[in-house]
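Right, one structure below, let's go through it.
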Amino acid sequence: MIAGMALDGSIQANRVRAYFAQIASRYDLANHLLSCGVDVLWRLRAAEVVQSWQPSAILDLATGSGDLARTLKRACPKALLIGADFCEPMLQVARSKRLPNLVVADALQLPFPNASFDAVTVAFGLRNMASWTGALVEIQRVLTPGGHLLVLDFGMPEPPLLGLYRFYLHHILPSLASLLTGERSAYTYLADSIESFPNGTHMCSRLEAIGFQHPTYEALLGGVAALYTARKA
Ligand SMILES: C[S@@+](CC[C@H](N)C(=O)[O-])C[C@H]1O[C@@H](n2cnc3c(N)ncnc32)[C@H](O)[C@@H]1O
């Protein structure tokens, strides 16, 4: 049973890595066009929150093409910033943005000692992981006591926006994305993964169940995206 679960996990991880490898060169463009540029504002808001913590060492997990890492670098110029991702083609895009300290690493098995960072950020990444609870446990391990977690991800808005958003997510987005990236299945997967990811107070309860303290939730654009924070005990 455990071996079967591990196999499922590694199949999903390989699939996710392959999706992002395929779309890496067009990922930023697709993001900005499909969100009408709002994703830039969401990352700015995330960086503002992290800045308020005055961290000295930040791990940006699932850093991908490095857009959040770049925003964090500007907001916290004195902090050591490390970006980690398990998809090398995505990191190549991040490298082209002159981001230092980019590491190929799986969030479920981070190559860092315990208590290495006082802030860990994950933007639009946790949802894609084979075990997001496993990733959160690993994040706790590398956080210092009292260290901060920030998760930025998509959510589901409340009615009446919900119906319209679902239609966009399942019908319009995959078609637009396949025009932009030539890859439809990655965006069909995106819609399904958003639907099955815990949202709002549900995510806060999950964070508490894993051992994080003081979880907070901020809805962005009526809940289309969500910003969560929590602290390691
Ligand atoms: C949607 S992108 C997000 C990139 C970036 N954080 C942003 O805000 O645009 C998701 C990233 O998560 C990475 N990822 C998914 N599962 C991962 C894992 N287990 N370990 C490390 N990176 C992972 C993918 O390779 C991909 O680059």
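Residue numbering restarts at 1 for every chain of the structure tokens, chains are lettered A, B, ... in their displayed order, and ligands are numbered from 1 as they appear.
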Long-range neighbours of segment 25-33 of chain A as a list in words, 10 Å cut-off, only C-alpha atoms, 3 positions minimum in chain: Phe20, Ala21, Gln22, Cys36, Gly37, Val38, Asp39, Val40, Gly64, Ser65, Gly66, Asp67, Pro89, Met90, Gln92, Val93, Leu176, Ala177, Ser178, Leu179, Leu180, Thr181 and Gly182 of chain A
| message | Taking the DSSP secondary structure from the backbone, can you list the residues of segment 89-230 of chain A that are strand (DSSP E), as a VMD selection string? | response | chain A and resid 102 to 104 117 to 123 143 to 154 212 to 220 225 to 230
How would the residues just picked look written out with C-alpha atoms as a PDB file, in the first residue's frame?
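Generated output (again06.pdb):
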ATOM      1  CA  LEU A 102      18.677  28.627  -7.693  1.00  0.00           C
ATOM      2  CA  VAL A 103      18.627  25.002  -6.662  1.00  0.00           C
ATOM      3  CA  VAL A 104      17.098  21.946  -8.315  1.00  0.00           C
ATOM      4  CA  PHE A 117      15.159  29.722   6.899  1.00  0.00           C
ATOM      5  CA  ASP A 118      13.052  32.220   8.806  1.00  0.00           C
ATOM      6  CA  ALA A 119      10.615  32.533   5.883  1.00  0.00           C
ATOM      7  CA  VAL A 120       9.427  30.036   3.271  1.00  0.00           C
ATOM      8  CA  THR A 121       7.218  31.118   0.377  1.00  0.00           C
ATOM      9  CA  VAL A 122       5.345  28.989  -2.175  1.00  0.00           C
ATOM     10  CA  ALA A 123       3.412  30.671  -4.994  1.00  0.00           C
ATOM     11  CA  LEU A 143      11.863  26.745   9.122  1.00  0.00           C
ATOM     12  CA  THR A 144      13.374  28.213  12.272  1.00  0.00           C
ATOM     13  CA  PRO A 145      11.123  28.140  15.363  1.00  0.00           C
ATOM     14  CA  GLY A 146       8.712  31.061  14.946  1.00  0.00           C
ATOM     15  CA  GLY A 147       9.581  31.203  11.217  1.00  0.00           C
ATOM     16  CA  HIS A 148       6.957  32.305   8.712  1.00  0.00           C
ATOM     17  CA  LEU A 149       5.202  30.450   5.911  1.00  0.00           C
ATOM     18  CA  LEU A 150       3.481  32.229   3.022  1.00  0.00           C
ATOM     19  CA  VAL A 151       1.395  30.352   0.465  1.00  0.00           C
ATOM     20  CA  LEU A 152      -0.066  32.137  -2.548  1.00  0.00           C
ATOM     21  CA  ASP A 153      -2.348  30.029  -4.694  1.00  0.00           C
ATOM     22  CA  PHE A 154      -5.550  29.952  -6.666  1.00  0.00           C
ATOM     23  CA  PHE A 212       1.504  25.566  12.093  1.00  0.00           C
ATOM     24  CA  GLN A 213       0.236  28.347  14.333  1.00  0.00           C
ATOM     25  CA  HIS A 214      -1.763  31.531  13.739  1.00  0.00           C
ATOM     26  CA  PRO A 215      -2.900  30.766  10.178  1.00  0.00           C
ATOM     27  CA  THR A 216      -4.320  33.733   8.261  1.00  0.00           C
ATOM     28  CA  TYR A 217      -6.212  33.918   4.976  1.00  0.00           C
ATOM     29  CA  GLU A 218      -6.538  36.878   2.623  1.00  0.00           C
ATOM     30  CA  ALA A 219      -8.810  36.552  -0.425  1.00  0.00           C
ATOM     31  CA  LEU A 220      -7.453  38.210  -3.559  1.00  0.00           C
ATOM     32  CA  ALA A 225      -6.481  33.686  -5.457  1.00  0.00           C
ATOM     33  CA  ALA A 226      -5.658  33.363  -1.788  1.00  0.00           C
ATOM     34  CA  LEU A 227      -2.763  34.322   0.396  1.00  0.00           C
ATOM     35  CA  TYR A 228      -2.139  32.224   3.487  1.00  0.00           C
ATOM     36  CA  THR A 229       0.377  32.819   6.243  1.00  0.00           C
ATOM     37  CA  ALA A 230       1.250  30.769   9.296  1.00  0.00           C
TER      38      ALA A 230
END
Near ligand 1, 7 Å: chain A residue rows, closest pairs, only C-alpha atoms and all ligand atoms, as a tab-separated table:
residue	atom	partner	partner_atom_place_in_ligand_line	distance
A:Ala13	CA	ligand 1	19 (N)	6.3
A:Val16	CA	ligand 1	15 (C)	6.2
A:Arg17	CA	ligand 1	25 (O)	5.2
A:Phe20	CA	ligand 1	25 (O)	5.6
A:Leu61	CA	ligand 1	21 (C)	6.5
A:Ala62	CA	ligand 1	12 (O)	3.9
A:Thr63	CA	ligand 1	6 (N)	4.0
A:Gly64	CA	ligand 1	27 (O)	3.4
A:Ser65	CA	ligand 1	4 (C)	5.8
A:Gly66	CA	ligand 1	5 (C)	5.8
A:Asp67	CA	ligand 1	9 (O)	5.6
A:Leu68	CA	ligand 1	8 (O)	5.2
A:Ala84	CA	ligand 1	21 (C)	6.4
A:Asp85	CA	ligand 1	22 (N)	3.8
A:Phe86	CA	ligand 1	21 (C)	4.1
A:Cys87	CA	ligand 1	25 (O)	4.3
A:Met90	CA	ligand 1	27 (O)	5.5
A:Ala105	CA	ligand 1	21 (C)	5.7
A:Asp106	CA	ligand 1	20 (N)	3.6
A:Ala107	CA	ligand 1	20 (N)	3.8
A:Leu108	CA	ligand 1	19 (N)	5.7
A:Val122	CA	ligand 1	6 (N)	6.1
A:Ala123	CA	ligand 1	6 (N)	4.2
A:Phe124	CA	ligand 1	3 (C)	4.7
A:Gly125	CA	ligand 1	12 (O)	4.1
A:Leu126	CA	ligand 1	16 (N)	6.9
A:Asn128	CA	ligand 1	15 (C)	5.0
A:Met129	CA	ligand 1	16 (N)	4.1
A:Ala130	CA	ligand 1	19 (N)	6.4
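Shortest atom-to-atom contact with Gly200 of chain A among A:Ser96, A:Leu164, A:Pro157, A:Pro77: A:Pro157, counting only C-alpha atoms.
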task: Within segment 31-125 of chain A, find each residue whose DSSP state, derived from the backbone, is alpha helix (DSSP H), and express the selection as a PyMOL selection string.
output: chain A and resi 31-34+38-53+67-75+88-95
Just write the chosen residues, N, CA and C atoms, as an mmCIF file, in the first residue's frame.
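Below is the file that was written, again.cif:
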data_model
loop_
_atom_site.group_PDB
_atom_site.id
_atom_site.type_symbol
_atom_site.label_atom_id
_atom_site.label_comp_id
_atom_site.auth_asym_id
_atom_site.auth_seq_id
_atom_site.Cartn_x
_atom_site.Cartn_y
_atom_site.Cartn_z
ATOM 1 N N ASN A 31 0.920 33.309 -18.100
ATOM 2 C CA ASN A 31 0.463 33.788 -16.789
ATOM 3 C C ASN A 31 -0.083 35.207 -16.870
ATOM 4 N N HIS A 32 0.716 36.089 -17.477
ATOM 5 C CA HIS A 32 0.343 37.504 -17.502
ATOM 6 C C HIS A 32 -0.895 37.725 -18.375
ATOM 7 N N LEU A 33 -0.957 37.011 -19.507
ATOM 8 C CA LEU A 33 -2.117 37.218 -20.392
ATOM 9 C C LEU A 33 -3.381 36.613 -19.789
ATOM 10 N N LEU A 34 -3.255 35.397 -19.264
ATOM 11 C CA LEU A 34 -4.458 34.713 -18.755
ATOM 12 C C LEU A 34 -5.006 35.365 -17.495
ATOM 13 N N VAL A 38 -2.883 40.529 -13.449
ATOM 14 C CA VAL A 38 -3.177 40.620 -12.006
ATOM 15 C C VAL A 38 -2.198 39.782 -11.179
ATOM 16 N N ASP A 39 -1.623 38.733 -11.801
ATOM 17 C CA ASP A 39 -0.673 37.888 -11.055
ATOM 18 C C ASP A 39 0.520 38.708 -10.548
ATOM 19 N N VAL A 40 0.868 39.767 -11.270
ATOM 20 C CA VAL A 40 1.980 40.634 -10.845
ATOM 21 C C VAL A 40 1.605 41.310 -9.518
ATOM 22 N N LEU A 41 0.356 41.780 -9.434
ATOM 23 C CA LEU A 41 -0.103 42.450 -8.206
ATOM 24 C C LEU A 41 -0.154 41.465 -7.036
ATOM 25 N N TRP A 42 -0.549 40.222 -7.313
ATOM 26 C CA TRP A 42 -0.619 39.223 -6.245
ATOM 27 C C TRP A 42 0.778 38.958 -5.681
ATOM 28 N N ARG A 43 1.774 38.864 -6.563
ATOM 29 C CA ARG A 43 3.144 38.610 -6.078
ATOM 30 C C ARG A 43 3.670 39.825 -5.311
ATOM 31 N N LEU A 44 3.279 41.036 -5.767
ATOM 32 C CA LEU A 44 3.692 42.243 -5.033
ATOM 33 C C LEU A 44 3.107 42.230 -3.626
ATOM 34 N N ARG A 45 1.855 41.828 -3.520
ATOM 35 C CA ARG A 45 1.204 41.762 -2.197
ATOM 36 C C ARG A 45 1.916 40.728 -1.310
ATOM 37 N N ALA A 46 2.251 39.575 -1.905
ATOM 38 C CA ALA A 46 2.952 38.528 -1.154
ATOM 39 C C ALA A 46 4.296 39.071 -0.654
ATOM 40 N N ALA A 47 5.010 39.777 -1.515
ATOM 41 C CA ALA A 47 6.329 40.292 -1.135
ATOM 42 C C ALA A 47 6.200 41.350 -0.036
ATOM 43 N N GLU A 48 5.110 42.118 -0.099
ATOM 44 C CA GLU A 48 4.884 43.143 0.933
ATOM 45 C C GLU A 48 4.713 42.478 2.309
ATOM 46 N N VAL A 49 3.967 41.373 2.314
ATOM 47 C CA VAL A 49 3.755 40.650 3.583
ATOM 48 C C VAL A 49 5.086 40.097 4.097
ATOM 49 N N VAL A 50 5.861 39.482 3.197
ATOM 50 C CA VAL A 50 7.151 38.904 3.613
ATOM 51 C C VAL A 50 8.080 40.017 4.120
ATOM 52 N N GLN A 51 8.085 41.135 3.450
ATOM 53 C CA GLN A 51 8.933 42.271 3.850
ATOM 54 C C GLN A 51 8.627 42.690 5.293
ATOM 55 N N SER A 52 7.344 42.641 5.659
ATOM 56 C CA SER A 52 6.957 43.076 7.005
ATOM 57 C C SER A 52 7.542 42.158 8.084
ATOM 58 N N TRP A 53 7.942 40.945 7.699
ATOM 59 C CA TRP A 53 8.546 40.008 8.668
ATOM 60 C C TRP A 53 10.046 40.273 8.856
ATOM 61 N N ASP A 67 9.403 34.528 -10.808
ATOM 62 C CA ASP A 67 8.744 35.842 -10.685
ATOM 63 C C ASP A 67 8.540 36.269 -9.229
ATOM 64 N N LEU A 68 8.159 35.322 -8.355
ATOM 65 C CA LEU A 68 8.010 35.724 -6.948
ATOM 66 C C LEU A 68 9.390 35.987 -6.342
ATOM 67 N N ALA A 69 10.368 35.149 -6.685
ATOM 68 C CA ALA A 69 11.722 35.335 -6.129
ATOM 69 C C ALA A 69 12.257 36.720 -6.505
ATOM 70 N N ARG A 70 12.026 37.119 -7.740
ATOM 71 C CA ARG A 70 12.517 38.440 -8.184
ATOM 72 C C ARG A 70 11.818 39.560 -7.397
ATOM 73 N N THR A 71 10.535 39.421 -7.163
ATOM 74 C CA THR A 71 9.784 40.432 -6.405
ATOM 75 C C THR A 71 10.261 40.461 -4.951
ATOM 76 N N LEU A 72 10.552 39.272 -4.404
ATOM 77 C CA LEU A 72 11.044 39.200 -3.017
ATOM 78 C C LEU A 72 12.433 39.834 -2.893
ATOM 79 N N LYS A 73 13.245 39.611 -3.918
ATOM 80 C CA LYS A 73 14.619 40.156 -3.891
ATOM 81 C C LYS A 73 14.574 41.684 -3.817
ATOM 82 N N ARG A 74 13.632 42.257 -4.549
ATOM 83 C CA ARG A 74 13.496 43.728 -4.519
ATOM 84 C C ARG A 74 12.954 44.189 -3.165
ATOM 85 N N ALA A 75 12.009 43.416 -2.602
ATOM 86 C CA ALA A 75 11.375 43.836 -1.341
ATOM 87 C C ALA A 75 12.291 43.606 -0.136
ATOM 88 N N GLU A 88 14.096 21.700 -14.076
ATOM 89 C CA GLU A 88 15.255 22.455 -14.557
ATOM 90 C C GLU A 88 14.888 23.477 -15.659
ATOM 91 N N PRO A 89 14.031 23.145 -16.634
ATOM 92 C CA PRO A 89 13.702 24.154 -17.648
ATOM 93 C C PRO A 89 13.032 25.406 -17.062
ATOM 94 N N MET A 90 12.254 25.250 -15.998
ATOM 95 C CA MET A 90 11.668 26.431 -15.352
ATOM 96 C C MET A 90 12.787 27.251 -14.696
ATOM 97 N N LEU A 91 13.741 26.578 -14.066
ATOM 98 C CA LEU A 91 14.847 27.305 -13.423
ATOM 99 C C LEU A 91 15.715 28.020 -14.457
ATOM 100 N N GLN A 92 15.794 27.464 -15.661
ATOM 101 C CA GLN A 92 16.566 28.154 -16.719
ATOM 102 C C GLN A 92 15.956 29.522 -17.007
ATOM 103 N N VAL A 93 14.626 29.594 -16.994
ATOM 104 C CA VAL A 93 13.955 30.884 -17.206
ATOM 105 C C VAL A 93 14.289 31.816 -16.033
ATOM 106 N N ALA A 94 14.271 31.278 -14.813
ATOM 107 C CA ALA A 94 14.604 32.093 -13.628
ATOM 108 C C ALA A 94 16.042 32.607 -13.731
ATOM 109 N N ARG A 95 16.947 31.747 -14.221
ATOM 110 C CA ARG A 95 18.359 32.170 -14.343
ATOM 111 C C ARG A 95 18.493 33.337 -15.307
#
